[in-house]
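To keep things clear, I will list the structure first and then write my remarks on it.
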Amino acid sequence: MSKRFYITTPIYYVNDRPHVGTAYTTIAADVVARWHRQRGDEVFFLTGTDEHGAKAAESAAKAGKSPEEFTAEIAQLFQLAWKNLNIKYDDFIRTTEKRHARSVEKFMQLLKDNDAIYKGTYEGLYCVGCEKFITEKELVDGKCPLHNRVPEKIKEKNYFFRLTKYLDTVRRLIETDEIVIEPVERKKEALGLFQQGLEDFSVSREKVKWGIPLPFDSKQVIYVWVEALQNYVSAIGYGDDIDRFHRWWPVDVQLMAKDILKFHAIYWPAMLLAVGEKAPKKEFIHGFFSINGKKMGKSLGNTIDPNDMVEKFGSDGARYLLLSQFPFGQDGDIQESRFVEKYNADLANGLGNLVSRTANLMEKYAVENSMTDPGIASDKIEEIESAIQELSLENALKKIFQLIAEVNKYLDAESPWKMDDSQAEKRAEVLRDCAARVRRIARLVYPFLPIASRRIERQFSESLVKKEDPLFPRIQA
RNA sequence: CGCGGGGUGGAGCAAUUGGAAGCUCGUCAGGCUCAUAACCUGAAGGUUGCCGGUUCGAGUCCGGCCCCCGCAACCA
C-alpha cells in the first residue's frame with residue numbers, strides 16, 4: 001500500500017557547524033525516508049538551514065563577511081556533511097531563499113488578517129555593546145560579560161502572536177494524540193509546559209536587521225524562530241502552490257532534539273491553527289549526546305565532526321555507529337573509544353565477515369546461485385519493520401544483526417567446508433540458503449547502510465558469486 | 001515543593017500492560033579453520049542507588065531520602 005510520507009529535520013542554525021547532534025537527527029530522518037521509499041511510498045524528506053537573526057549577523061561580522069556570504073558558506077558546510085553521510089534529502093531549504101520569504105510573508109499576513117497578531121511592547125535587557133537583547137542568564141554580576149557594562153532596560157514596539165487564544169486547542173490536540181508527541185515522556189513534558197504559564201510572544205524585532213521584513217510593517221523584521229518554523233510549509237509551496245502544499249501537508253513526522261520541543265509542540269501548531277491549517281501528525285523528540293560523560297558543546301570544545309567519522313568509518317559506518325548505540329529518543333553518552341570496538345564487532349566481524357565467508361565458499365565450491373527465498377521467519381521481518389515504524393531504530397538494527405548471527409551459527413552447524421564431493425549437492429544447498437539470507441539481510445539493512453546494501457545485492461545476484469574486498473575493513477585501535 | 005530524564009554484573013545499554021534479571025564489549029576455558037587473527041560453544045560475574053509500603057509476586061506501582069544530567073526565548 002503506497003502512500004505519501006513527509007518527514008522533516010529541524011533547519012539548523014548557521015551559527016554552528018554540523019556536529020554529531022545535527023548529524024544524528026539527519027541520519028535518522030534519512031533512514032526513515034529511505035525505508036519508506038524502499039517500500040514504494042512517495043517520500044518528501046526536508047532539511048535545511050536557518051539563516052536569519054542577530055546571532056547569525058553577529059557571527060558573520062566576526063568572520064569579516066557579509067551575512068549573505070557567511071550563511072552561504074555555512075549552508076554549504078551542512079550540505080557537504082550530509083553528502084558525506086550519504087543523506088538523500090529531497091529538498092534543502094535555506095531561509096534566505098526568496099521562495100521562503102514569499103511563503104512567510106503570506107503566512108504572516110494571514111496571521112494578521114485573522115487577528116492573531118497585535119501590536120504591543122517588548123521589554124528586555126539591551127546591551128548597547130552587543131546591539132541586542134540579552135537574557136538574565138547571560139549576565140555576569142549583572143553585566144554583559146562581553147562588554148562589561150550594565151544592560152539597559154529597553155522597551156520596543158513589537159507585534160505579538162496571540163498564543164493564549166490557541167492554547168486550549170493545542171493542548172487538547174496533544175492530549176488526544178491528534179498531535180502525537182513521542183516518546184511519551186516528551187508528551188508529558190509538553191503538557192507540563194501549559195501549567196507553567198505560556199504567554200503571547202513577540203514575533204518581530206525592531207533592532208534586528210538581518211531577517212525578513214514584516215509584510216505589514218517593513219520597519220520590523222520577523223523574529224527568527226517564527227519564520228524558521230515556517231520552513232516546513234514554505235518548502236512545499238505554502239501560499240505559492242496550493243496543490244503542492246496540500247499534497248504534503250500535514251507533515252507525517254518531524255524529528256528534533258528535546259531543546260526545541262516547546263517551539264514545535266506548542267508554538268508551531270498554534271500558528272498553524274491561526275492560519276487555518278492542520279497541525280503536524282507527529283513530533284518525535286530524541287535526546288542529547290554527552291561526550292565521554294560531559295555535556296557536548298562548543299564552549300567545552302568537545303564536539304565531534306561527523307566528517308571525521310565518515311573519514312574513519314565510512315558513511316555507512318558513521319551512520320551505524322550513531323544510530324546503533326542508544327535508544328532513539330533518549331539521551332546517550334558517546335564514548336569515542338567504543339566507536340572502533342563497535343565498528344569492528346558488528347560491521348567488520350559481523351556483517352562484513354559473513355559476506356566474505358559466504359562469498360568465498362560459494363566461489364570455492366563453484367556453487368550456482370539461485371534467487372530463492374531465504375528461510376527467515378516472517379515474524380522476525382515484521383518485528384524489524386514495526387520497530388522502524390515506531391522509530392525504534394536501534395532495536396531494528398539489533399534485530400537485523402541477530403539475523404546475521406543466525407547465519408553464522410547455521411554455517412558453523414552445517415560446516416560445508418567439511419563436506420566432501422560426495423555431499424556436493426547438500427553443500428550447494430546450504431550455501432545457496434546462506435546466500436539468500438545474506439541478500440535478504442542486505443535489503444533489510446538498506447535504510448541504515450545503503451552503500452553496503454547495494455554492494456551485497458549486486459555481488460549476490462551474480463549466477464556465480466565471487467569473493468570481493470572486505471565491506472568493512474577492520475580498524476586497528 | 002519550576003519542569004523533565006536517569007541511577008541494572010568490569011564497561012556501555014535492554015527489559016510491551018508488575019510474573020523465572022537479558023544484550024553487546026571485555027575476561028577465562030574449549031571448538032573450528034570457509035572467512036576481515038574472523039566464526040561457534042560454554043563459564044565466571046548483579047542483594048537492579050538507599051529505606052519503607054502495596055501485592056501470591058516489583059527493576060517495573062506508591063511514599064520518603066541520596067546522587068547525576070538536561071531544560072527554563074533561540075547550540076540536535
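Each chain in the C-alpha cells gets a letter, A, B and so on, in the order shown; residues start at 1 in every chain, and ligands are counted from 1 in the order they appear.
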
Check: which chain A residues lie within 8 Å of chain B using only C-alpha atoms (C1' of nucleotides), as an mmCIF file with N, CA and C atoms, in the first residue's frame:
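In the end it all went to part.cif:
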```
data_model
loop_
_atom_site.group_PDB
_atom_site.id
_atom_site.type_symbol
_atom_site.label_atom_id
_atom_site.label_comp_id
_atom_site.auth_asym_id
_atom_site.auth_seq_id
_atom_site.Cartn_x
_atom_site.Cartn_y
_atom_site.Cartn_z
ATOM 1 N N ASP A 16 26.382 27.584 13.983
ATOM 2 C CA ASP A 16 27.222 26.453 14.344
ATOM 3 C C ASP A 16 27.442 25.575 13.124
ATOM 4 N N GLY A 21 25.309 15.923 16.788
ATOM 5 C CA GLY A 21 23.905 16.097 17.149
ATOM 6 C C GLY A 21 23.032 16.317 15.929
ATOM 7 N N THR A 22 23.403 17.294 15.128
ATOM 8 C CA THR A 22 22.632 17.568 13.923
ATOM 9 C C THR A 22 22.719 16.367 12.975
ATOM 10 N N ALA A 23 23.881 15.745 12.950
ATOM 11 C CA ALA A 23 24.045 14.581 12.075
ATOM 12 C C ALA A 23 23.100 13.454 12.505
ATOM 13 N N TYR A 24 22.975 13.288 13.783
ATOM 14 C CA TYR A 24 22.129 12.226 14.333
ATOM 15 C C TYR A 24 20.691 12.380 13.849
ATOM 16 N N THR A 25 20.140 13.558 14.024
ATOM 17 C CA THR A 25 18.774 13.820 13.578
ATOM 18 C C THR A 25 18.641 13.554 12.085
ATOM 19 N N GLU A 185 7.436 10.487 27.437
ATOM 20 C CA GLU A 185 7.960 11.437 28.433
ATOM 21 C C GLU A 185 7.899 12.863 27.887
ATOM 22 N N ARG A 186 8.136 12.964 26.604
ATOM 23 C CA ARG A 186 8.153 14.289 25.984
ATOM 24 C C ARG A 186 6.736 14.835 25.857
ATOM 25 N N GLU A 189 6.076 16.183 29.133
ATOM 26 C CA GLU A 189 6.794 17.446 29.296
ATOM 27 C C GLU A 189 6.061 18.576 28.580
ATOM 28 N N GLY A 192 3.146 19.550 30.459
ATOM 29 C CA GLY A 192 3.589 20.276 31.645
ATOM 30 C C GLY A 192 3.833 21.744 31.366
ATOM 31 N N LEU A 193 4.249 22.036 30.155
ATOM 32 C CA LEU A 193 4.544 23.426 29.806
ATOM 33 C C LEU A 193 3.310 24.312 29.915
ATOM 34 N N GLN A 196 2.912 25.775 33.271
ATOM 35 C CA GLN A 196 3.887 26.771 33.703
ATOM 36 C C GLN A 196 3.546 28.169 33.224
ATOM 37 N N TRP A 225 12.780 32.782 15.034
ATOM 38 C CA TRP A 225 12.187 31.480 15.342
ATOM 39 C C TRP A 225 10.849 31.259 14.625
ATOM 40 N N MET A 256 13.348 15.990 15.934
ATOM 41 C CA MET A 256 14.103 17.083 16.550
ATOM 42 C C MET A 256 14.684 16.611 17.871
ATOM 43 N N ALA A 257 15.567 17.425 18.416
ATOM 44 C CA ALA A 257 16.074 17.129 19.748
ATOM 45 C C ALA A 257 15.227 17.872 20.763
ATOM 46 N N LYS A 258 15.416 17.535 21.999
ATOM 47 C CA LYS A 258 14.478 17.977 23.019
ATOM 48 C C LYS A 258 14.512 19.469 23.329
ATOM 49 N N ASP A 259 15.566 20.146 22.935
ATOM 50 C CA ASP A 259 15.644 21.571 23.270
ATOM 51 C C ASP A 259 14.605 22.412 22.549
ATOM 52 N N PHE A 288 19.798 14.099 23.797
ATOM 53 C CA PHE A 288 21.081 14.763 23.592
ATOM 54 C C PHE A 288 22.212 13.769 23.748
ATOM 55 N N GLY A 297 29.348 20.539 23.730
ATOM 56 C CA GLY A 297 29.096 21.925 23.389
ATOM 57 C C GLY A 297 30.335 22.613 22.866
ATOM 58 N N LYS A 298 30.081 23.713 22.186
ATOM 59 C CA LYS A 298 31.200 24.464 21.636
ATOM 60 C C LYS A 298 32.104 24.988 22.729
ATOM 61 N N GLN A 325 23.928 2.828 18.934
ATOM 62 C CA GLN A 325 24.407 2.823 20.316
ATOM 63 C C GLN A 325 23.354 3.103 21.378
ATOM 64 N N PHE A 326 22.383 3.945 21.046
ATOM 65 C CA PHE A 326 21.408 4.322 22.077
ATOM 66 C C PHE A 326 20.003 4.267 21.534
ATOM 67 N N GLU A 341 35.523 -0.233 18.601
ATOM 68 C CA GLU A 341 35.086 -1.520 19.135
ATOM 69 C C GLU A 341 33.801 -1.999 18.453
ATOM 70 N N LYS A 342 32.841 -1.103 18.427
ATOM 71 C CA LYS A 342 31.532 -1.411 17.869
ATOM 72 C C LYS A 342 31.616 -1.645 16.364
ATOM 73 N N ALA A 348 32.591 -5.152 10.853
ATOM 74 C CA ALA A 348 33.690 -5.941 10.279
ATOM 75 C C ALA A 348 33.495 -7.429 10.577
ATOM 76 N N ASN A 349 33.421 -7.779 11.845
ATOM 77 C CA ASN A 349 33.304 -9.193 12.218
ATOM 78 C C ASN A 349 31.926 -9.763 11.944
ATOM 79 N N GLY A 352 30.279 -7.790 7.629
ATOM 80 C CA GLY A 352 31.340 -7.860 6.629
ATOM 81 C C GLY A 352 31.922 -9.257 6.510
ATOM 82 N N ASN A 353 32.245 -9.844 7.628
ATOM 83 C CA ASN A 353 32.858 -11.166 7.614
ATOM 84 C C ASN A 353 31.899 -12.234 7.113
ATOM 85 N N LEU A 354 30.640 -12.102 7.458
ATOM 86 C CA LEU A 354 29.665 -13.080 6.978
ATOM 87 C C LEU A 354 29.592 -13.058 5.453
ATOM 88 N N SER A 356 31.939 -12.077 3.464
ATOM 89 C CA SER A 356 33.191 -12.631 2.949
ATOM 90 C C SER A 356 33.185 -14.150 2.935
ATOM 91 N N ARG A 357 32.841 -14.722 4.072
ATOM 92 C CA ARG A 357 32.963 -16.181 4.144
ATOM 93 C C ARG A 357 31.937 -16.864 3.259
ATOM 94 N N THR A 358 30.761 -16.280 3.169
ATOM 95 C CA THR A 358 29.746 -16.871 2.291
ATOM 96 C C THR A 358 30.194 -16.797 0.829
ATOM 97 N N ASN A 360 33.141 -16.436 -0.326
ATOM 98 C CA ASN A 360 34.324 -17.263 -0.538
ATOM 99 C C ASN A 360 33.954 -18.731 -0.732
ATOM 100 N N LEU A 361 33.044 -19.215 0.099
ATOM 101 C CA LEU A 361 32.633 -20.614 -0.003
ATOM 102 C C LEU A 361 31.893 -20.873 -1.322
ATOM 103 N N ASN A 408 25.628 -17.057 10.763
ATOM 104 C CA ASN A 408 26.942 -17.541 11.204
ATOM 105 C C ASN A 408 26.811 -18.865 11.949
ATOM 106 N N LYS A 409 25.832 -18.965 12.796
ATOM 107 C CA LYS A 409 25.610 -20.202 13.547
ATOM 108 C C LYS A 409 25.245 -21.346 12.599
ATOM 109 N N ASP A 412 28.213 -22.602 10.793
ATOM 110 C CA ASP A 412 29.052 -23.423 11.668
ATOM 111 C C ASP A 412 28.438 -24.792 11.919
ATOM 112 N N PRO A 416 29.915 -26.552 5.794
ATOM 113 C CA PRO A 416 30.025 -27.031 4.404
ATOM 114 C C PRO A 416 31.476 -27.300 3.986
ATOM 115 N N TRP A 417 32.436 -26.648 4.629
ATOM 116 C CA TRP A 417 33.843 -26.852 4.265
ATOM 117 C C TRP A 417 34.346 -28.238 4.675
ATOM 118 N N PRO A 470 36.914 -6.669 1.385
ATOM 119 C CA PRO A 470 36.075 -6.544 2.583
ATOM 120 C C PRO A 470 35.155 -5.324 2.511
ATOM 121 N N PHE A 472 33.733 -3.905 5.213
ATOM 122 C CA PHE A 472 34.127 -3.049 6.337
ATOM 123 C C PHE A 472 35.462 -3.546 6.872
ATOM 124 N N PRO A 473 36.555 -3.036 6.347
ATOM 125 C CA PRO A 473 37.869 -3.478 6.815
ATOM 126 C C PRO A 473 38.007 -3.224 8.308
ATOM 127 N N ARG A 474 38.613 -4.137 8.984
ATOM 128 C CA ARG A 474 38.843 -3.942 10.420
ATOM 129 C C ARG A 474 39.697 -2.714 10.658
#
```

Point to revise | Per-residue DSSP, range 258-476 of chain A, filtered to alpha helix (DSSP H), as number ranges by chain | key: A: 261-262, 268-274, 306-324, 336-342, 353-364, 378-389, 393-414, 424-445, 450-459

Exercise for review: Compile the contact shell of Gly329 in chain A as a ChimeraX atom specification: residues with an atom at most 6 Å away, counting only C-alpha atoms (C1' of nucleotides), same-chain residues fewer than 3 positions apart removed.
Suggested key: /A:285-287

Select from range 139-253 of chain A everything DSSP, run on the backbone, classes as strand (DSSP E), then give the selection as an mmCIF file with C-alpha atoms, in the first residue's frame.
```
data_model
loop_
_atom_site.group_PDB
_atom_site.id
_atom_site.type_symbol
_atom_site.label_atom_id
_atom_site.label_comp_id
_atom_site.auth_asym_id
_atom_site.auth_seq_id
_atom_site.Cartn_x
_atom_site.Cartn_y
_atom_site.Cartn_z
ATOM 1 C CA GLU A 152 19.647 48.938 29.755
ATOM 2 C CA LYS A 153 16.081 48.034 30.237
ATOM 3 C CA ILE A 154 14.527 48.834 26.944
ATOM 4 C CA LYS A 155 11.066 48.772 25.502
ATOM 5 C CA GLU A 156 10.443 48.374 21.861
ATOM 6 C CA LYS A 157 7.265 48.228 19.887
ATOM 7 C CA ASN A 158 6.633 44.754 18.640
ATOM 8 C CA TYR A 159 3.976 42.611 17.143
ATOM 9 C CA PHE A 160 2.740 39.747 19.265
ATOM 10 C CA PHE A 161 1.221 36.429 18.435
ATOM 11 C CA VAL A 180 1.388 12.580 18.549
ATOM 12 C CA ILE A 181 4.343 13.523 20.689
ATOM 13 C CA GLU A 182 6.833 10.753 21.244
ATOM 14 C CA PHE A 201 5.133 36.073 22.313
ATOM 15 C CA SER A 202 6.741 38.656 20.162
ATOM 16 C CA SER A 204 9.059 40.747 15.343
ATOM 17 C CA ARG A 205 12.176 42.713 16.183
ATOM 18 C CA PRO A 213 10.653 42.305 6.958
ATOM 19 C CA LEU A 214 7.129 42.077 8.259
ATOM 20 C CA ASP A 217 5.387 46.927 8.832
ATOM 21 C CA SER A 218 8.654 46.980 6.968
ATOM 22 C CA LYS A 219 10.447 48.639 9.888
ATOM 23 C CA GLN A 220 10.303 45.364 11.713
ATOM 24 C CA VAL A 221 11.901 42.100 10.966
ATOM 25 C CA ILE A 222 10.212 38.777 11.694
ATOM 26 C CA VAL A 253 6.866 13.162 11.201
#
```

Review point. Could you work out how far CA of Val203 in chain A lies from CA of Phe70 in chain A, giving the answer in Å with one decimal?
Key: 24.6 Å

Review point. Residues at most 12 Å from A43 in chain B, counting only C-alpha atoms (C1' of nucleotides), excluding those fewer than 5 positions away in the same chain, as a PyMOL selection string?
Key: chain B and resi 27-30

Review point. Within 10 Å of U8 in chain B, counting only C-alpha atoms (C1' of nucleotides), which residues qualify if same-chain residues fewer than 6 places away don't, as an MDAnalysis selection string?
Key: chainID B and resid 14 21 46 48 59

Keeping only N, CA, C and O atoms (P, O5', C5', C4', C3', O3' and C1' of nucleotides), write the selected residues as a compact mmCIF listing (two decimals), in the first residue's frame.
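Final file, again-v9.txt:
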```txt
# COMPACT_ATOMS: atom_id res chain seq x y z
P A B 14 19.00 2.22 27.58
O5' A B 14 18.22 0.91 27.12
C5' A B 14 18.58 -0.32 27.59
C4' A B 14 17.90 -1.41 26.82
C3' A B 14 16.50 -1.74 27.34
O3' A B 14 15.52 -1.00 26.63
C1' A B 14 17.83 -3.69 27.34
P A B 21 14.29 -13.53 37.52
O5' A B 21 14.85 -13.81 36.10
C5' A B 21 14.98 -13.23 35.08
C4' A B 21 15.79 -12.02 34.75
C3' A B 21 17.20 -12.24 34.26
O3' A B 21 17.18 -12.67 32.91
C1' A B 21 17.04 -10.25 35.53
P G B 46 28.09 -11.71 41.47
O5' G B 46 27.10 -10.58 40.97
C5' G B 46 27.50 -9.20 40.97
C4' G B 46 26.30 -8.35 40.75
C3' G B 46 25.15 -8.56 41.74
O3' G B 46 25.35 -7.75 42.88
C1' G B 46 24.35 -8.35 39.51
P U B 48 18.91 -6.01 43.73
O5' U B 48 20.10 -5.21 43.00
C5' U B 48 20.07 -3.80 42.96
C4' U B 48 19.87 -3.34 41.53
C3' U B 48 18.87 -2.21 41.39
O3' U B 48 19.69 -1.04 41.29
C1' U B 48 18.62 -3.86 39.68
P G B 59 12.33 -6.76 41.76
O5' G B 59 12.59 -5.26 41.28
C5' G B 59 13.86 -4.67 41.45
C4' G B 59 14.02 -3.51 40.50
C3' G B 59 12.73 -2.79 40.12
O3' G B 59 12.43 -1.80 41.06
C1' G B 59 13.98 -3.28 38.17
```

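Here CA of Lys398 in chain A and CA of Gln335 in chain A stand 19.2 Å from one another.
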
**Study point:** Gap from CA of His19 in chain A to CA of Glu283 in chain A - Å, one decimal
**Key:** 21.9 Å
